[in-house]
Amino acid sequence: MQVQAYLFFNGQCDEALRFYVTHLGARVNVLLRYRDSPEPAQVSEGWLDKVMHASLHIGESELFASDGLRAEAAVMQGVSLHLTAESTEHGRQMFDALADGGQITTAYAPTFWAAGFGMVTDRFGAHWMVSAPSV
């Protein structure tokens, strides 16, 4: 059994996927649009080219993503995604990329449990924790 996060981007999924590919080294494995569905999609006007389902890998982890059904869908709350960096510098790079256009909750800095740790909400509303293990 596996547990995988499924993120809804309220119409910004294509942009979010490109961002994660560029800044987190993600790879998109599956990308289905509403127009690809064999059933007529029950989506808002102009949403047939939006992402119905995507699968992406960041490192060894798989996440699922979608635009959802309409732009006014609920905001992401109550969950954070955690990235374990290969080094303190790698953690800083990922944190800074996620913070660009986002909102920092906890600045990336050394802590008693990690060489680097920070929390941020990215420009798409996803909450992230980034840490670099102590050496």
# chains A, B, ... in the order shown; residues from 1 in each chain; ligands from 1

$ select_by_dssp --residues "range 58-123 of chain A" --states "alpha helix (DSSP H)" --output "list in words"
Thr88, Glu89, His90, Gly91, Arg92, Gln93, Met94, Phe95, Asp96, Ala97, Leu98 and Ala99 of chain A

$ residues_around --residues "Asp100 in chain A" --least-positions-apart "2" --cutoff "10 Å" --atoms "only C-alpha atoms" --output "ChimeraX atom specification"
/A:95-98,102-104,120-123

$ write_last_selection --atoms "N, CA and C atoms" --output "PDB file, in the first residue's frame"
ATOM      1  N   PHE A  95      14.382  25.769  -1.107  1.00  0.00           N
ATOM      2  CA  PHE A  95      13.586  26.676  -0.285  1.00  0.00           C
ATOM      3  C   PHE A  95      13.433  28.032  -0.971  1.00  0.00           C
ATOM      4  N   ASP A  96      14.534  28.586  -1.460  1.00  0.00           N
ATOM      5  CA  ASP A  96      14.480  29.895  -2.118  1.00  0.00           C
ATOM      6  C   ASP A  96      13.589  29.856  -3.361  1.00  0.00           C
ATOM      7  N   ALA A  97      13.658  28.774  -4.134  1.00  0.00           N
ATOM      8  CA  ALA A  97      12.805  28.648  -5.321  1.00  0.00           C
ATOM      9  C   ALA A  97      11.338  28.611  -4.921  1.00  0.00           C
ATOM     10  N   LEU A  98      11.000  27.824  -3.887  1.00  0.00           N
ATOM     11  CA  LEU A  98       9.611  27.728  -3.433  1.00  0.00           C
ATOM     12  C   LEU A  98       9.123  29.054  -2.850  1.00  0.00           C
ATOM     13  N   GLY A 102       6.060  33.177  -3.173  1.00  0.00           N
ATOM     14  CA  GLY A 102       5.294  32.531  -2.114  1.00  0.00           C
ATOM     15  C   GLY A 102       5.395  33.289  -0.809  1.00  0.00           C
ATOM     16  N   GLN A 103       5.127  32.574   0.286  1.00  0.00           N
ATOM     17  CA  GLN A 103       5.161  33.221   1.598  1.00  0.00           C
ATOM     18  C   GLN A 103       5.935  32.344   2.580  1.00  0.00           C
ATOM     19  N   ILE A 104       6.973  32.907   3.161  1.00  0.00           N
ATOM     20  CA  ILE A 104       7.804  32.187   4.118  1.00  0.00           C
ATOM     21  C   ILE A 104       7.109  32.157   5.474  1.00  0.00           C
ATOM     22  N   VAL A 120       7.487  27.082   3.983  1.00  0.00           N
ATOM     23  CA  VAL A 120       7.063  28.072   3.012  1.00  0.00           C
ATOM     24  C   VAL A 120       5.794  27.608   2.318  1.00  0.00           C
ATOM     25  N   THR A 121       4.954  28.563   1.932  1.00  0.00           N
ATOM     26  CA  THR A 121       3.816  28.292   1.061  1.00  0.00           C
ATOM     27  C   THR A 121       4.208  28.837  -0.304  1.00  0.00           C
ATOM     28  N   ASP A 122       4.230  27.968  -1.319  1.00  0.00           N
ATOM     29  CA  ASP A 122       4.669  28.423  -2.634  1.00  0.00           C
ATOM     30  C   ASP A 122       3.600  29.267  -3.323  1.00  0.00           C
ATOM     31  N   ARG A 123       3.912  29.782  -4.478  1.00  0.00           N
ATOM     32  CA  ARG A 123       3.009  30.685  -5.212  1.00  0.00           C
ATOM     33  C   ARG A 123       1.715  30.009  -5.641  1.00  0.00           C
TER      34      ARG A 123
END

$ residues_around --residues "Trp128 in chain A" --least-positions-apart "3" --cutoff "6 Å" --atoms "only C-alpha atoms" --output "PyMOL selection string"
chain A and resi 80-82+119-120

$ residues_around --residues "Leu69 in chain A" --least-positions-apart "4" --cutoff "10 Å" --atoms "only C-alpha atoms" --output "list in words"
Phe8, Phe9, Asn10, Gly11, Tyr34, Ala41, Gln42, Val43, Ser44, Trp47, Lys50, Val51, Met52 and Ala73 of chain A

$ atom_distance --atom1 "CA of Gly101 in chain A" --atom2 "CA of Tyr6 in chain A"
21.9 Å

$ atom_distance --atom1 "CA of His127 in chain A" --atom2 "CA of Ser87 in chain A"
20.8 Å

$ select_by_dssp --residues "range 9-123 of chain A" --states "strand (DSSP E)" --output "PDB file with C-alpha atoms, in the first residue's frame"
ATOM      1  CA  ARG A  27       9.422  14.625 -13.803  1.00  0.00           C
ATOM      2  CA  VAL A  28       5.893  14.423 -15.099  1.00  0.00           C
ATOM      3  CA  ASN A  29       4.962  10.817 -15.886  1.00  0.00           C
ATOM      4  CA  VAL A  30       1.270  11.160 -16.738  1.00  0.00           C
ATOM      5  CA  LEU A  31      -0.673  14.182 -17.945  1.00  0.00           C
ATOM      6  CA  LEU A  32      -4.355  13.882 -18.832  1.00  0.00           C
ATOM      7  CA  ARG A  33      -6.565  16.802 -19.752  1.00  0.00           C
ATOM      8  CA  VAL A  51      -5.239  19.171 -16.183  1.00  0.00           C
ATOM      9  CA  MET A  52      -7.628  16.441 -15.071  1.00  0.00           C
ATOM     10  CA  HIS A  53      -4.844  14.237 -13.649  1.00  0.00           C
ATOM     11  CA  ALA A  54      -1.060  14.324 -13.520  1.00  0.00           C
ATOM     12  CA  SER A  55       1.505  12.112 -11.879  1.00  0.00           C
ATOM     13  CA  LEU A  56       4.910  13.545 -11.057  1.00  0.00           C
ATOM     14  CA  HIS A  57       7.972  12.256  -9.302  1.00  0.00           C
ATOM     15  CA  ILE A  58      10.148  14.389  -7.083  1.00  0.00           C
ATOM     16  CA  SER A  61       8.235  10.199  -4.271  1.00  0.00           C
ATOM     17  CA  GLU A  62       5.164  10.341  -6.477  1.00  0.00           C
ATOM     18  CA  LEU A  63       2.586  13.112  -6.204  1.00  0.00           C
ATOM     19  CA  PHE A  64      -0.674  13.466  -8.061  1.00  0.00           C
ATOM     20  CA  ALA A  65      -1.965  16.816  -9.290  1.00  0.00           C
ATOM     21  CA  SER A  66      -5.012  18.327 -10.976  1.00  0.00           C
ATOM     22  CA  LEU A  81       4.845  18.410   1.852  1.00  0.00           C
ATOM     23  CA  HIS A  82       8.346  17.713   3.153  1.00  0.00           C
ATOM     24  CA  LEU A  83      11.519  17.761   1.051  1.00  0.00           C
ATOM     25  CA  THR A  84      14.714  16.232   2.413  1.00  0.00           C
ATOM     26  CA  GLN A 103       5.161  33.221   1.598  1.00  0.00           C
ATOM     27  CA  ILE A 104       7.804  32.187   4.118  1.00  0.00           C
ATOM     28  CA  THR A 105       6.452  30.796   7.384  1.00  0.00           C
ATOM     29  CA  THR A 106       9.812  29.873   8.930  1.00  0.00           C
ATOM     30  CA  ALA A 107      13.064  31.132   7.405  1.00  0.00           C
ATOM     31  CA  TYR A 108      15.526  28.477   6.276  1.00  0.00           C
ATOM     32  CA  ALA A 109      18.207  28.194   8.964  1.00  0.00           C
ATOM     33  CA  ALA A 114      18.723  19.773  11.115  1.00  0.00           C
ATOM     34  CA  ALA A 115      21.565  21.555   9.333  1.00  0.00           C
ATOM     35  CA  GLY A 116      18.868  23.585   7.595  1.00  0.00           C
ATOM     36  CA  PHE A 117      15.083  23.795   7.950  1.00  0.00           C
ATOM     37  CA  GLY A 118      12.394  26.149   6.690  1.00  0.00           C
ATOM     38  CA  MET A 119       8.663  26.292   5.944  1.00  0.00           C
ATOM     39  CA  VAL A 120       7.063  28.072   3.012  1.00  0.00           C
ATOM     40  CA  THR A 121       3.816  28.292   1.061  1.00  0.00           C
TER      41      THR A 121
END

$ atom_distance --atom1 "CA of Arg92 in chain A" --atom2 "CA of Gln2 in chain A"
28.8 Å

$ decode --residues "range 14-61 of chain A" --atoms "N, CA and C atoms" --output "mmCIF file, in the first residue's frame"
data_model
loop_
_atom_site.group_PDB
_atom_site.id
_atom_site.type_symbol
_atom_site.label_atom_id
_atom_site.label_comp_id
_atom_site.auth_asym_id
_atom_site.auth_seq_id
_atom_site.Cartn_x
_atom_site.Cartn_y
_atom_site.Cartn_z
ATOM 1 N N ASP A 14 -0.754 23.389 -14.871
ATOM 2 C CA ASP A 14 0.321 23.400 -15.874
ATOM 3 C C ASP A 14 1.501 24.241 -15.385
ATOM 4 N N GLU A 15 1.206 25.426 -14.869
ATOM 5 C CA GLU A 15 2.250 26.324 -14.376
ATOM 6 C C GLU A 15 2.980 25.699 -13.183
ATOM 7 N N ALA A 16 2.231 25.089 -12.270
ATOM 8 C CA ALA A 16 2.840 24.453 -11.099
ATOM 9 C C ALA A 16 3.752 23.300 -11.522
ATOM 10 N N LEU A 17 3.293 22.481 -12.464
ATOM 11 C CA LEU A 17 4.119 21.363 -12.921
ATOM 12 C C LEU A 17 5.425 21.867 -13.539
ATOM 13 N N ARG A 18 5.342 22.880 -14.393
ATOM 14 C CA ARG A 18 6.559 23.436 -14.999
ATOM 15 C C ARG A 18 7.503 23.973 -13.916
ATOM 16 N N PHE A 19 6.933 24.635 -12.922
ATOM 17 C CA PHE A 19 7.730 25.185 -11.828
ATOM 18 C C PHE A 19 8.453 24.071 -11.072
ATOM 19 N N TYR A 20 7.747 23.003 -10.722
ATOM 20 C CA TYR A 20 8.355 21.906 -9.968
ATOM 21 C C TYR A 20 9.386 21.150 -10.797
ATOM 22 N N VAL A 21 9.164 21.027 -12.103
ATOM 23 C CA VAL A 21 10.161 20.405 -12.983
ATOM 24 C C VAL A 21 11.438 21.246 -12.975
ATOM 25 N N THR A 22 11.289 22.548 -13.136
ATOM 26 C CA THR A 22 12.443 23.450 -13.207
ATOM 27 C C THR A 22 13.181 23.557 -11.882
ATOM 28 N N HIS A 23 12.456 23.726 -10.778
ATOM 29 C CA HIS A 23 13.098 24.067 -9.506
ATOM 30 C C HIS A 23 13.296 22.909 -8.544
ATOM 31 N N LEU A 24 12.538 21.829 -8.707
ATOM 32 C CA LEU A 24 12.688 20.688 -7.793
ATOM 33 C C LEU A 24 13.162 19.427 -8.509
ATOM 34 N N GLY A 25 13.387 19.525 -9.812
ATOM 35 C CA GLY A 25 13.829 18.348 -10.566
ATOM 36 C C GLY A 25 12.748 17.313 -10.758
ATOM 37 N N ALA A 26 11.489 17.720 -10.650
ATOM 38 C CA ALA A 26 10.371 16.781 -10.817
ATOM 39 C C ALA A 26 10.313 16.288 -12.261
ATOM 40 N N ARG A 27 9.731 15.111 -12.458
ATOM 41 C CA ARG A 27 9.422 14.625 -13.803
ATOM 42 C C ARG A 27 7.958 14.253 -13.847
ATOM 43 N N VAL A 28 7.310 14.708 -14.898
ATOM 44 C CA VAL A 28 5.893 14.423 -15.099
ATOM 45 C C VAL A 28 5.791 13.113 -15.867
ATOM 46 N N ASN A 29 5.090 12.141 -15.275
ATOM 47 C CA ASN A 29 4.962 10.817 -15.886
ATOM 48 C C ASN A 29 3.655 10.645 -16.634
ATOM 49 N N VAL A 30 2.602 11.265 -16.139
ATOM 50 C CA VAL A 30 1.270 11.160 -16.738
ATOM 51 C C VAL A 30 0.665 12.547 -16.757
ATOM 52 N N LEU A 31 0.025 12.906 -17.857
ATOM 53 C CA LEU A 31 -0.673 14.182 -17.945
ATOM 54 C C LEU A 31 -1.920 13.981 -18.798
ATOM 55 N N LEU A 32 -3.076 14.032 -18.151
ATOM 56 C CA LEU A 32 -4.355 13.882 -18.832
ATOM 57 C C LEU A 32 -5.148 15.170 -18.683
ATOM 58 N N ARG A 33 -5.732 15.598 -19.771
ATOM 59 C CA ARG A 33 -6.565 16.802 -19.752
ATOM 60 C C ARG A 33 -8.033 16.384 -19.762
ATOM 61 N N TYR A 34 -8.902 17.297 -19.328
ATOM 62 C CA TYR A 34 -10.332 16.984 -19.299
ATOM 63 C C TYR A 34 -10.842 16.570 -20.669
ATOM 64 N N ARG A 35 -10.300 17.159 -21.729
ATOM 65 C CA ARG A 35 -10.765 16.803 -23.071
ATOM 66 C C ARG A 35 -10.373 15.368 -23.440
ATOM 67 N N ASP A 36 -9.409 14.761 -22.715
ATOM 68 C CA ASP A 36 -8.989 13.386 -22.977
ATOM 69 C C ASP A 36 -9.958 12.355 -22.411
ATOM 70 N N SER A 37 -10.872 12.781 -21.575
ATOM 71 C CA SER A 37 -11.807 11.865 -20.922
ATOM 72 C C SER A 37 -12.809 11.307 -21.931
ATOM 73 N N PRO A 38 -13.107 9.993 -21.846
ATOM 74 C CA PRO A 38 -14.113 9.426 -22.740
ATOM 75 C C PRO A 38 -15.536 9.897 -22.408
ATOM 76 N N GLU A 39 -15.718 10.400 -21.199
ATOM 77 C CA GLU A 39 -17.011 10.938 -20.772
ATOM 78 C C GLU A 39 -16.953 12.460 -20.888
ATOM 79 N N PRO A 40 -18.034 13.105 -21.263
ATOM 80 C CA PRO A 40 -18.017 14.571 -21.277
ATOM 81 C C PRO A 40 -17.696 15.106 -19.886
ATOM 82 N N ALA A 41 -16.696 15.948 -19.809
ATOM 83 C CA ALA A 41 -16.266 16.480 -18.517
ATOM 84 C C ALA A 41 -17.256 17.519 -18.008
ATOM 85 N N GLN A 42 -17.542 17.451 -16.717
ATOM 86 C CA GLN A 42 -18.413 18.418 -16.054
ATOM 87 C C GLN A 42 -17.535 19.520 -15.468
ATOM 88 N N VAL A 43 -16.977 20.335 -16.342
ATOM 89 C CA VAL A 43 -16.057 21.379 -15.893
ATOM 90 C C VAL A 43 -16.558 22.745 -16.325
ATOM 91 N N SER A 44 -15.976 23.753 -15.708
ATOM 92 C CA SER A 44 -16.329 25.136 -16.029
ATOM 93 C C SER A 44 -15.975 25.464 -17.474
ATOM 94 N N GLU A 45 -16.607 26.489 -17.988
ATOM 95 C CA GLU A 45 -16.339 26.983 -19.339
ATOM 96 C C GLU A 45 -14.839 27.227 -19.530
ATOM 97 N N GLY A 46 -14.299 26.727 -20.623
ATOM 98 C CA GLY A 46 -12.893 26.946 -20.935
ATOM 99 C C GLY A 46 -11.919 26.025 -20.224
ATOM 100 N N TRP A 47 -12.411 25.000 -19.529
ATOM 101 C CA TRP A 47 -11.530 24.133 -18.751
ATOM 102 C C TRP A 47 -11.187 22.814 -19.437
ATOM 103 N N LEU A 48 -11.603 22.585 -20.659
ATOM 104 C CA LEU A 48 -11.319 21.306 -21.320
ATOM 105 C C LEU A 48 -9.822 21.060 -21.484
ATOM 106 N N ASP A 49 -9.020 22.107 -21.593
ATOM 107 C CA ASP A 49 -7.570 21.936 -21.724
ATOM 108 C C ASP A 49 -6.842 21.972 -20.389
ATOM 109 N N LYS A 50 -7.585 22.088 -19.294
ATOM 110 C CA LYS A 50 -6.968 22.062 -17.967
ATOM 111 C C LYS A 50 -6.596 20.619 -17.608
ATOM 112 N N VAL A 51 -5.744 20.477 -16.595
ATOM 113 C CA VAL A 51 -5.239 19.171 -16.183
ATOM 114 C C VAL A 51 -6.273 18.448 -15.328
ATOM 115 N N MET A 52 -6.711 17.289 -15.823
ATOM 116 C CA MET A 52 -7.628 16.441 -15.071
ATOM 117 C C MET A 52 -6.834 15.594 -14.068
ATOM 118 N N HIS A 53 -5.680 15.072 -14.515
ATOM 119 C CA HIS A 53 -4.844 14.237 -13.649
ATOM 120 C C HIS A 53 -3.412 14.282 -14.146
ATOM 121 N N ALA A 54 -2.485 14.416 -13.211
ATOM 122 C CA ALA A 54 -1.060 14.324 -13.520
ATOM 123 C C ALA A 54 -0.374 13.530 -12.422
ATOM 124 N N SER A 55 0.645 12.827 -12.811
ATOM 125 C CA SER A 55 1.505 12.112 -11.879
ATOM 126 C C SER A 55 2.906 12.668 -12.059
ATOM 127 N N LEU A 56 3.546 13.054 -10.967
ATOM 128 C CA LEU A 56 4.910 13.545 -11.057
ATOM 129 C C LEU A 56 5.756 12.936 -9.964
ATOM 130 N N HIS A 57 7.008 12.755 -10.277
ATOM 131 C CA HIS A 57 7.972 12.256 -9.302
ATOM 132 C C HIS A 57 8.918 13.383 -8.915
ATOM 133 N N ILE A 58 9.115 13.514 -7.625
ATOM 134 C CA ILE A 58 10.148 14.389 -7.083
ATOM 135 C C ILE A 58 11.045 13.460 -6.281
ATOM 136 N N GLY A 59 12.244 13.259 -6.767
ATOM 137 C CA GLY A 59 13.104 12.248 -6.158
ATOM 138 C C GLY A 59 12.447 10.886 -6.310
ATOM 139 N N GLU A 60 12.291 10.176 -5.208
ATOM 140 C CA GLU A 60 11.672 8.853 -5.236
ATOM 141 C C GLU A 60 10.181 8.887 -4.902
ATOM 142 N N SER A 61 9.636 10.073 -4.674
ATOM 143 C CA SER A 61 8.235 10.199 -4.271
ATOM 144 C C SER A 61 7.352 10.568 -5.455
#
